[in-house]
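Chemist: Here you go, protein-v7.txt (compact mmCIF, C-alpha atoms):
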```txt
# COMPACT_ATOMS: atom_id res chain seq x y z
CA GLY A 1 97.77 52.21 79.61
CA GLU A 2 95.58 54.40 81.72
CA ASP A 3 94.01 57.34 79.96
CA VAL A 4 90.72 59.18 80.13
CA GLU A 5 89.97 61.66 77.37
CA GLN A 6 87.27 64.27 77.06
CA SER A 7 86.72 67.40 75.03
CA LEU A 8 87.81 70.62 76.73
CA PHE A 9 84.88 72.96 76.07
CA LEU A 10 81.14 72.85 75.54
CA SER A 11 78.79 75.79 75.14
CA VAL A 12 75.00 75.48 75.31
CA ARG A 13 72.02 77.76 75.72
CA GLU A 14 70.03 77.77 78.92
CA GLY A 15 67.21 75.24 78.72
CA ASP A 16 68.95 73.05 76.16
CA SER A 17 70.46 69.66 76.90
CA SER A 18 74.20 69.30 77.38
CA VAL A 19 76.07 66.15 76.46
CA ILE A 20 79.61 65.69 77.69
CA ASN A 21 81.54 62.76 76.25
CA CYS A 22 84.46 60.76 77.55
CA THR A 23 86.52 57.78 76.47
CA TYR A 24 88.55 55.59 78.79
CA THR A 25 91.02 52.81 78.19
CA ASP A 26 90.92 50.39 81.12
CA SER A 27 88.06 47.91 80.79
CA SER A 28 88.76 46.54 84.29
CA SER A 29 87.12 49.54 85.97
CA THR A 30 84.12 48.58 88.07
CA TYR A 31 83.07 52.17 88.63
CA LEU A 32 83.03 55.16 86.33
CA TYR A 33 82.33 58.63 87.65
CA TRP A 34 81.37 62.15 86.79
CA TYR A 35 82.59 64.97 89.03
CA LYS A 36 81.72 68.67 88.95
CA GLN A 37 84.10 71.49 89.85
CA GLU A 38 82.81 75.00 90.37
CA PRO A 39 85.26 77.94 90.16
CA GLY A 40 87.81 77.98 92.97
CA ALA A 41 86.42 74.87 94.62
CA GLY A 42 87.24 71.20 94.94
CA LEU A 43 85.56 68.48 92.91
CA GLN A 44 82.20 67.06 93.92
CA LEU A 45 80.99 63.63 92.94
CA LEU A 46 77.95 64.08 90.70
CA THR A 47 77.13 60.51 89.86
CA TYR A 48 78.65 57.12 89.16
CA ILE A 49 77.76 54.08 87.09
CA PHE A 50 78.66 50.45 87.51
CA SER A 51 80.47 48.94 84.56
CA ASN A 52 77.72 46.33 84.13
CA MET A 53 75.09 49.04 83.53
CA ASP A 54 74.24 50.75 80.25
CA MET A 55 72.41 53.73 81.64
CA LYS A 56 71.74 55.49 84.89
CA GLN A 57 69.32 58.36 85.41
CA ASP A 58 69.33 60.71 88.36
CA GLN A 59 66.92 63.65 88.05
CA ARG A 60 68.31 65.86 85.24
CA LEU A 61 71.40 63.71 84.80
CA THR A 62 71.63 60.70 82.49
CA VAL A 63 74.79 58.65 82.23
CA LEU A 64 75.26 56.36 79.25
CA LEU A 65 77.96 53.70 79.14
CA ASN A 66 79.10 51.88 76.03
CA LYS A 67 81.51 49.34 77.43
CA LYS A 68 82.41 47.91 74.04
CA ASP A 69 83.62 51.29 72.82
CA LYS A 70 84.78 52.40 76.30
CA HIS A 71 82.65 55.51 75.93
CA LEU A 72 80.89 57.34 78.75
CA SER A 73 78.59 60.31 78.41
CA LEU A 74 76.81 62.68 80.76
CA ARG A 75 73.60 64.34 79.63
CA ILE A 76 72.25 67.28 81.59
CA ALA A 77 68.63 68.03 80.74
CA ASP A 78 67.27 71.60 80.89
CA THR A 79 70.75 73.05 81.47
CA GLN A 80 70.81 76.03 83.82
CA THR A 81 73.38 78.78 84.32
CA GLY A 82 74.21 77.15 87.65
CA ASP A 83 75.42 74.11 85.72
CA SER A 84 78.35 76.14 84.36
CA ALA A 85 81.41 74.34 85.72
CA ILE A 86 84.14 71.88 84.77
CA TYR A 87 83.00 68.27 84.51
CA PHE A 88 85.50 65.47 85.03
CA CYS A 89 85.10 61.92 83.84
CA ALA A 90 86.96 59.33 85.92
CA GLU A 91 87.52 55.59 86.19
CA SER A 92 88.89 53.34 88.94
CA PRO A 93 90.85 50.56 87.23
CA ASN A 94 91.06 47.31 89.16
CA THR A 95 94.60 46.99 87.89
CA GLY A 96 95.79 50.40 89.05
CA GLY A 97 96.08 50.09 92.81
CA PHE A 98 93.88 52.53 94.66
CA LYS A 99 94.04 55.28 92.08
CA THR A 100 91.23 56.90 90.17
CA ILE A 101 92.16 58.22 86.75
CA PHE A 102 90.65 61.58 85.85
CA GLY A 103 90.15 63.17 82.47
CA ALA A 104 91.30 66.73 81.83
CA GLY A 105 87.80 68.09 82.39
CA THR A 106 85.19 69.65 80.09
CA ARG A 107 84.38 73.29 80.77
CA LEU A 108 80.65 73.81 80.27
CA PHE A 109 79.48 77.34 79.43
CA VAL A 110 75.76 77.98 79.72
CA LYS A 111 74.51 81.06 77.89
CA ALA A 112 71.41 82.80 79.20
CA SER B 1 79.37 62.26 108.66
CA GLN B 2 82.75 62.44 107.00
CA THR B 3 84.44 65.76 106.34
CA ILE B 4 87.77 66.83 104.92
CA HIS B 5 89.62 69.97 105.88
CA GLN B 6 92.37 71.52 103.82
CA TRP B 7 94.31 74.67 104.62
CA PRO B 8 95.29 77.31 103.88
CA ALA B 9 92.89 78.34 101.14
CA THR B 10 95.39 80.65 99.45
CA LEU B 11 99.13 81.05 99.79
CA VAL B 12 101.68 83.32 98.15
CA GLN B 13 105.25 82.18 98.67
CA PRO B 14 108.59 83.36 97.30
CA VAL B 15 110.75 81.09 95.18
CA GLY B 16 113.05 79.01 97.37
CA SER B 17 110.83 79.13 100.44
CA PRO B 18 109.47 76.00 102.13
CA LEU B 19 105.90 74.73 101.84
CA SER B 20 103.60 72.83 104.13
CA LEU B 21 99.97 72.12 103.21
CA GLU B 22 97.84 70.11 105.57
CA CYS B 23 94.78 67.98 105.09
CA THR B 24 92.75 66.17 107.72
CA VAL B 25 89.79 63.85 107.44
CA GLU B 26 87.10 63.33 110.06
CA GLY B 27 84.48 60.67 110.52
CA THR B 28 86.27 57.73 108.97
CA SER B 29 89.25 55.54 109.67
CA ASN B 30 92.02 54.12 107.50
CA PRO B 31 91.11 56.20 104.45
CA ASN B 32 93.11 56.30 101.26
CA LEU B 33 94.51 59.82 100.95
CA TYR B 34 95.57 61.72 97.84
CA TRP B 35 97.27 64.96 96.80
CA TYR B 36 96.47 66.35 93.36
CA ARG B 37 97.67 69.46 91.58
CA GLN B 38 95.60 71.31 89.03
CA ALA B 39 97.44 73.80 86.84
CA ALA B 40 95.42 76.72 85.49
CA GLY B 41 92.85 75.47 82.98
CA ARG B 42 94.19 71.94 83.10
CA GLY B 43 93.23 68.58 84.50
CA LEU B 44 94.25 66.86 87.70
CA GLN B 45 97.75 65.54 88.21
CA LEU B 46 98.10 62.91 90.95
CA LEU B 47 101.13 63.77 93.07
CA PHE B 48 101.00 61.32 95.99
CA TYR B 49 98.69 58.79 97.50
CA SER B 50 98.71 56.87 100.75
CA VAL B 51 96.91 53.71 101.84
CA GLY B 52 98.14 53.83 105.44
CA ILE B 53 100.25 55.64 108.03
CA GLY B 54 103.77 56.13 106.73
CA GLN B 55 102.92 54.59 103.35
CA ILE B 56 103.40 57.10 100.55
CA SER B 57 103.40 56.46 96.82
CA SER B 58 104.85 59.12 94.58
CA GLU B 59 103.49 59.50 91.09
CA VAL B 60 105.62 62.29 89.70
CA PRO B 61 109.29 62.99 90.49
CA GLN B 62 109.60 66.57 91.70
CA ASN B 63 110.73 68.69 94.60
CA LEU B 64 107.58 67.94 96.60
CA SER B 65 107.16 65.29 99.28
CA ALA B 66 104.26 63.97 101.30
CA SER B 67 103.90 62.48 104.75
CA ARG B 68 101.14 60.77 106.70
CA PRO B 69 102.05 61.06 110.38
CA GLN B 70 98.58 60.07 111.56
CA ASP B 71 95.79 57.97 110.07
CA ARG B 72 93.70 60.94 108.98
CA GLN B 73 96.39 63.54 108.35
CA PHE B 74 98.18 64.08 105.06
CA ILE B 75 100.84 66.73 104.58
CA LEU B 76 102.38 68.05 101.36
CA SER B 77 105.78 69.69 101.72
CA SER B 78 108.62 71.24 99.83
CA LYS B 79 112.00 72.44 101.06
CA LYS B 80 112.42 74.97 98.23
CA LEU B 81 109.56 76.07 96.03
CA LEU B 82 109.93 76.63 92.30
CA LEU B 83 107.85 78.92 90.11
CA SER B 84 106.47 75.81 88.41
CA ASP B 85 104.99 74.67 91.73
CA SER B 86 102.24 77.27 91.40
CA GLY B 87 98.80 75.74 91.05
CA PHE B 88 95.68 74.60 92.79
CA TYR B 89 96.38 71.77 95.23
CA LEU B 90 93.61 69.39 96.16
CA CYS B 91 93.53 66.80 98.89
CA ALA B 92 91.07 63.92 98.63
CA TRP B 93 90.12 60.76 100.48
CA SER B 94 88.42 57.53 99.53
CA ARG B 95 87.35 54.47 101.48
CA GLY B 96 90.30 52.32 102.43
CA GLY B 97 90.81 48.84 101.07
CA GLN B 98 88.61 49.35 98.04
CA VAL B 99 89.37 50.00 94.41
CA GLY B 100 86.63 52.45 93.62
CA SER B 101 83.29 52.64 95.37
CA THR B 102 79.91 54.27 95.07
CA TRP B 103 81.27 57.10 97.19
CA GLY B 104 84.16 57.90 94.86
CA TYR B 105 86.56 60.51 96.16
CA THR B 106 85.74 63.35 98.52
CA PHE B 107 87.82 66.42 97.81
CA GLY B 108 88.89 69.26 100.02
CA SER B 109 88.23 72.85 99.00
CA GLY B 110 91.76 73.30 97.65
CA THR B 111 94.75 75.56 98.23
CA ARG B 112 95.66 78.15 95.62
CA LEU B 113 99.48 78.40 95.71
CA THR B 114 101.24 81.20 93.88
CA VAL B 115 105.02 81.12 93.86
CA VAL B 116 106.51 84.54 93.14
```
Would you mind writing the file out in structure tokens?

Modeler:
Amino acid sequence: GEDVEQSLFLSVREGDSSVINCTYTDSSSTYLYWYKQEPGAGLQLLTYIFSNMDMKQDQRLTVLLNKKDKHLSLRIADTQTGDSAIYFCAESPNTGGFKTIFGAGTRLFVKA
Amino acid sequence: SQTIHQWPATLVQPVGSPLSLECTVEGTSNPNLYWYRQAAGRGLQLLFYSVGIGQISSEVPQNLSASRPQDRQFILSSKKLLLSDSGFYLCAWSRGGQVGSTWGYTFGSGTRLTVV
């Protein structure tokens, strides 16, 4: 079945690294995504990773993919108060039509 | 460049009243279109998606309906709202004909619906 799971809350201190974890079930997904949602706004695509990659780095963001365990993580280096938001993990299964499956979102709190 | 417009931003409606939320996309053609609902503090629930004019797929049985009268217009409707319809409604688009892409989904800014 289609399911994307992630922890609901994460609290870090400003300047520390944040790691948000996610597990997915459909190994047919070519793309896996991380989205960010700020309060009262829509979701914004943060980054994506191809399923044939292990890691992708984009400035302060590092995405790690363990395809064997179907585990995806997002690391934010030097976390800032502006990073406080909800982060959604998502996959686009090749067997699921044109749908992207989203996790429930991890709310990141950054303490000054 | 592509943009997505969603309105209104907030809406307070009485129980039993009708609903119409509109979403339009600019700068692309034949997009896949989606309506999601986000309950307070919860994840995204896919309500409807469309891969073409007049083609609507419903994910969750409910008193809502969707229509796509034009290629880049997606409308979410209800004849009679329930209290449980309250939530944050998000419209999104993705490139047509593709299962996932490097562009992912582009979301509108959302409509906060409160049914009283």

Chemist: Between atom CA of A:Leu10 and atom CA of A:Val110, what is the spacing in Å?

Modeler: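 Atom CA of A:Leu10 lies at a distance of 8.5 Å from atom CA of A:Val110.
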
Chemist: What separation in Å, quoted to one decimal, exists between atom CA of B:Leu46 and atom CA of A:Asn66?

Modeler: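 Taking atom CA of B:Leu46 as the start and atom CA of A:Asn66 as the end point, the length is 26.6 Å.
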
Chemist: Please report as an mmCIF file with C-alpha atoms, in the frame of the given file which residues of chain B come no farther than 6 Å from chain A, using all atoms listed in the file.

Modeler:
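Full text of selection_7.cif as output:
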```cif
data_model
loop_
_atom_site.group_PDB
_atom_site.id
_atom_site.type_symbol
_atom_site.label_atom_id
_atom_site.label_comp_id
_atom_site.auth_asym_id
_atom_site.auth_seq_id
_atom_site.Cartn_x
_atom_site.Cartn_y
_atom_site.Cartn_z
ATOM 1 C CA GLY B 43 93.230 68.580 84.500
ATOM 2 C CA VAL B 99 89.370 50.000 94.410
ATOM 3 C CA GLY B 100 86.630 52.450 93.620
ATOM 4 C CA PHE B 107 87.820 66.420 97.810
ATOM 5 C CA GLY B 108 88.890 69.260 100.020
ATOM 6 C CA SER B 109 88.230 72.850 99.000
ATOM 7 C CA GLY B 110 91.760 73.300 97.650
#
```

Chemist: Report the closest atom pair, with its distance in Å rounded to one decimal, for each residue of stretch 49-108 of chain B that has an atom no farther than 7 Å from stretch 7-17 of chain B; count all atoms listed in the file, sort by chain and then rising residue number, and write it as a Markdown table.

Modeler:
```
| residue | atom | partner | partner_atom | distance |
| --- | --- | --- | --- | --- |
| B:Lys79 | CA | B:Ser17 | CA | 6.8 |
| B:Lys80 | CA | B:Gly16 | CA | 4.2 |
| B:Leu81 | CA | B:Gly16 | CA | 4.8 |
| B:Leu82 | CA | B:Val15 | CA | 5.4 |
| B:Leu83 | CA | B:Val15 | CA | 6.2 |
```

Chemist: Write out as a PDB file with C-alpha atoms, in the frame of the given file each polymer residue whose atoms come within 12 Å of B:Leu21, counting only C-alpha atoms; drop sequence neighbours fewer than 5 positions from it.

Modeler:
```pdb
ATOM      1  CA  HIS B   5      89.620  69.970 105.880  1.00  0.00           C
ATOM      2  CA  GLN B   6      92.370  71.520 103.820  1.00  0.00           C
ATOM      3  CA  TRP B   7      94.310  74.670 104.620  1.00  0.00           C
ATOM      4  CA  PRO B   8      95.290  77.310 103.880  1.00  0.00           C
ATOM      5  CA  ALA B   9      92.890  78.340 101.140  1.00  0.00           C
ATOM      6  CA  THR B  10      95.390  80.650  99.450  1.00  0.00           C
ATOM      7  CA  LEU B  11      99.130  81.050  99.790  1.00  0.00           C
ATOM      8  CA  TRP B  35      97.270  64.960  96.800  1.00  0.00           C
ATOM      9  CA  TYR B  36      96.470  66.350  93.360  1.00  0.00           C
ATOM     10  CA  LEU B  64     107.580  67.940  96.600  1.00  0.00           C
ATOM     11  CA  SER B  65     107.160  65.290  99.280  1.00  0.00           C
ATOM     12  CA  ALA B  66     104.260  63.970 101.300  1.00  0.00           C
ATOM     13  CA  SER B  67     103.900  62.480 104.750  1.00  0.00           C
ATOM     14  CA  ARG B  68     101.140  60.770 106.700  1.00  0.00           C
ATOM     15  CA  GLN B  73      96.390  63.540 108.350  1.00  0.00           C
ATOM     16  CA  PHE B  74      98.180  64.080 105.060  1.00  0.00           C
ATOM     17  CA  ILE B  75     100.840  66.730 104.580  1.00  0.00           C
ATOM     18  CA  LEU B  76     102.380  68.050 101.360  1.00  0.00           C
ATOM     19  CA  SER B  77     105.780  69.690 101.720  1.00  0.00           C
ATOM     20  CA  SER B  78     108.620  71.240  99.830  1.00  0.00           C
ATOM     21  CA  PHE B  88      95.680  74.600  92.790  1.00  0.00           C
ATOM     22  CA  TYR B  89      96.380  71.770  95.230  1.00  0.00           C
ATOM     23  CA  LEU B  90      93.610  69.390  96.160  1.00  0.00           C
ATOM     24  CA  CYS B  91      93.530  66.800  98.890  1.00  0.00           C
ATOM     25  CA  GLY B 108      88.890  69.260 100.020  1.00  0.00           C
ATOM     26  CA  GLY B 110      91.760  73.300  97.650  1.00  0.00           C
ATOM     27  CA  THR B 111      94.750  75.560  98.230  1.00  0.00           C
ATOM     28  CA  ARG B 112      95.660  78.150  95.620  1.00  0.00           C
ATOM     29  CA  LEU B 113      99.480  78.400  95.710  1.00  0.00           C
TER      30      LEU B 113
END
```

Chemist: Between B:Ser50, B:Trp93, B:Pro18, B:Asp71, which has the minimum distance to B:Tyr105 (counting only C-alpha atoms)?

Modeler: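 Using only C-alpha atoms, the shortest distance to B:Tyr105 belongs to B:Trp93.
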
Chemist: Closest to B:Gly96 among B:Arg37, B:Gly27, B:Gly52, B:Ser20, using only C-alpha atoms?

Modeler: B:Gly52

Chemist: For a test of reading the model, state the distance in Å between atom CA of A:Val4 and atom CA of A:Thr23, rounded to one decimal.

Modeler: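 Result for atom CA of A:Val4 versus atom CA of A:Thr23: 5.7 Å, one decimal.
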
Chemist: Rank nothing, just name the residue among A:Leu64, A:Tyr87, A:His71, A:Thr81 nearest to A:Val12, using all atoms listed in the file.

Modeler: A:Thr81

Chemist: Of the residues A:Ser7, A:Ser73, A:Gln37, A:Ser28, which is the one nearest to A:Asp54, using only C-alpha atoms?

Modeler: A:Ser73

Chemist: Taking into account all atoms listed in the file, which residue in the set B:Ile53, B:Ala39, B:Leu19, B:Leu33 is nearest to B:Thr106?

Modeler: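 Ranked by minimum distance to B:Thr106, first place goes to B:Leu33.
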
Chemist: Can you list, as a PyMOL selection string, every protein, DNA or RNA residue that comes within 6 Å of B:Phe48 when you count all atoms listed in the file, leaving out same-chain residues fewer than 3 positions away?

Modeler: chain B and resi 34-35+57-59
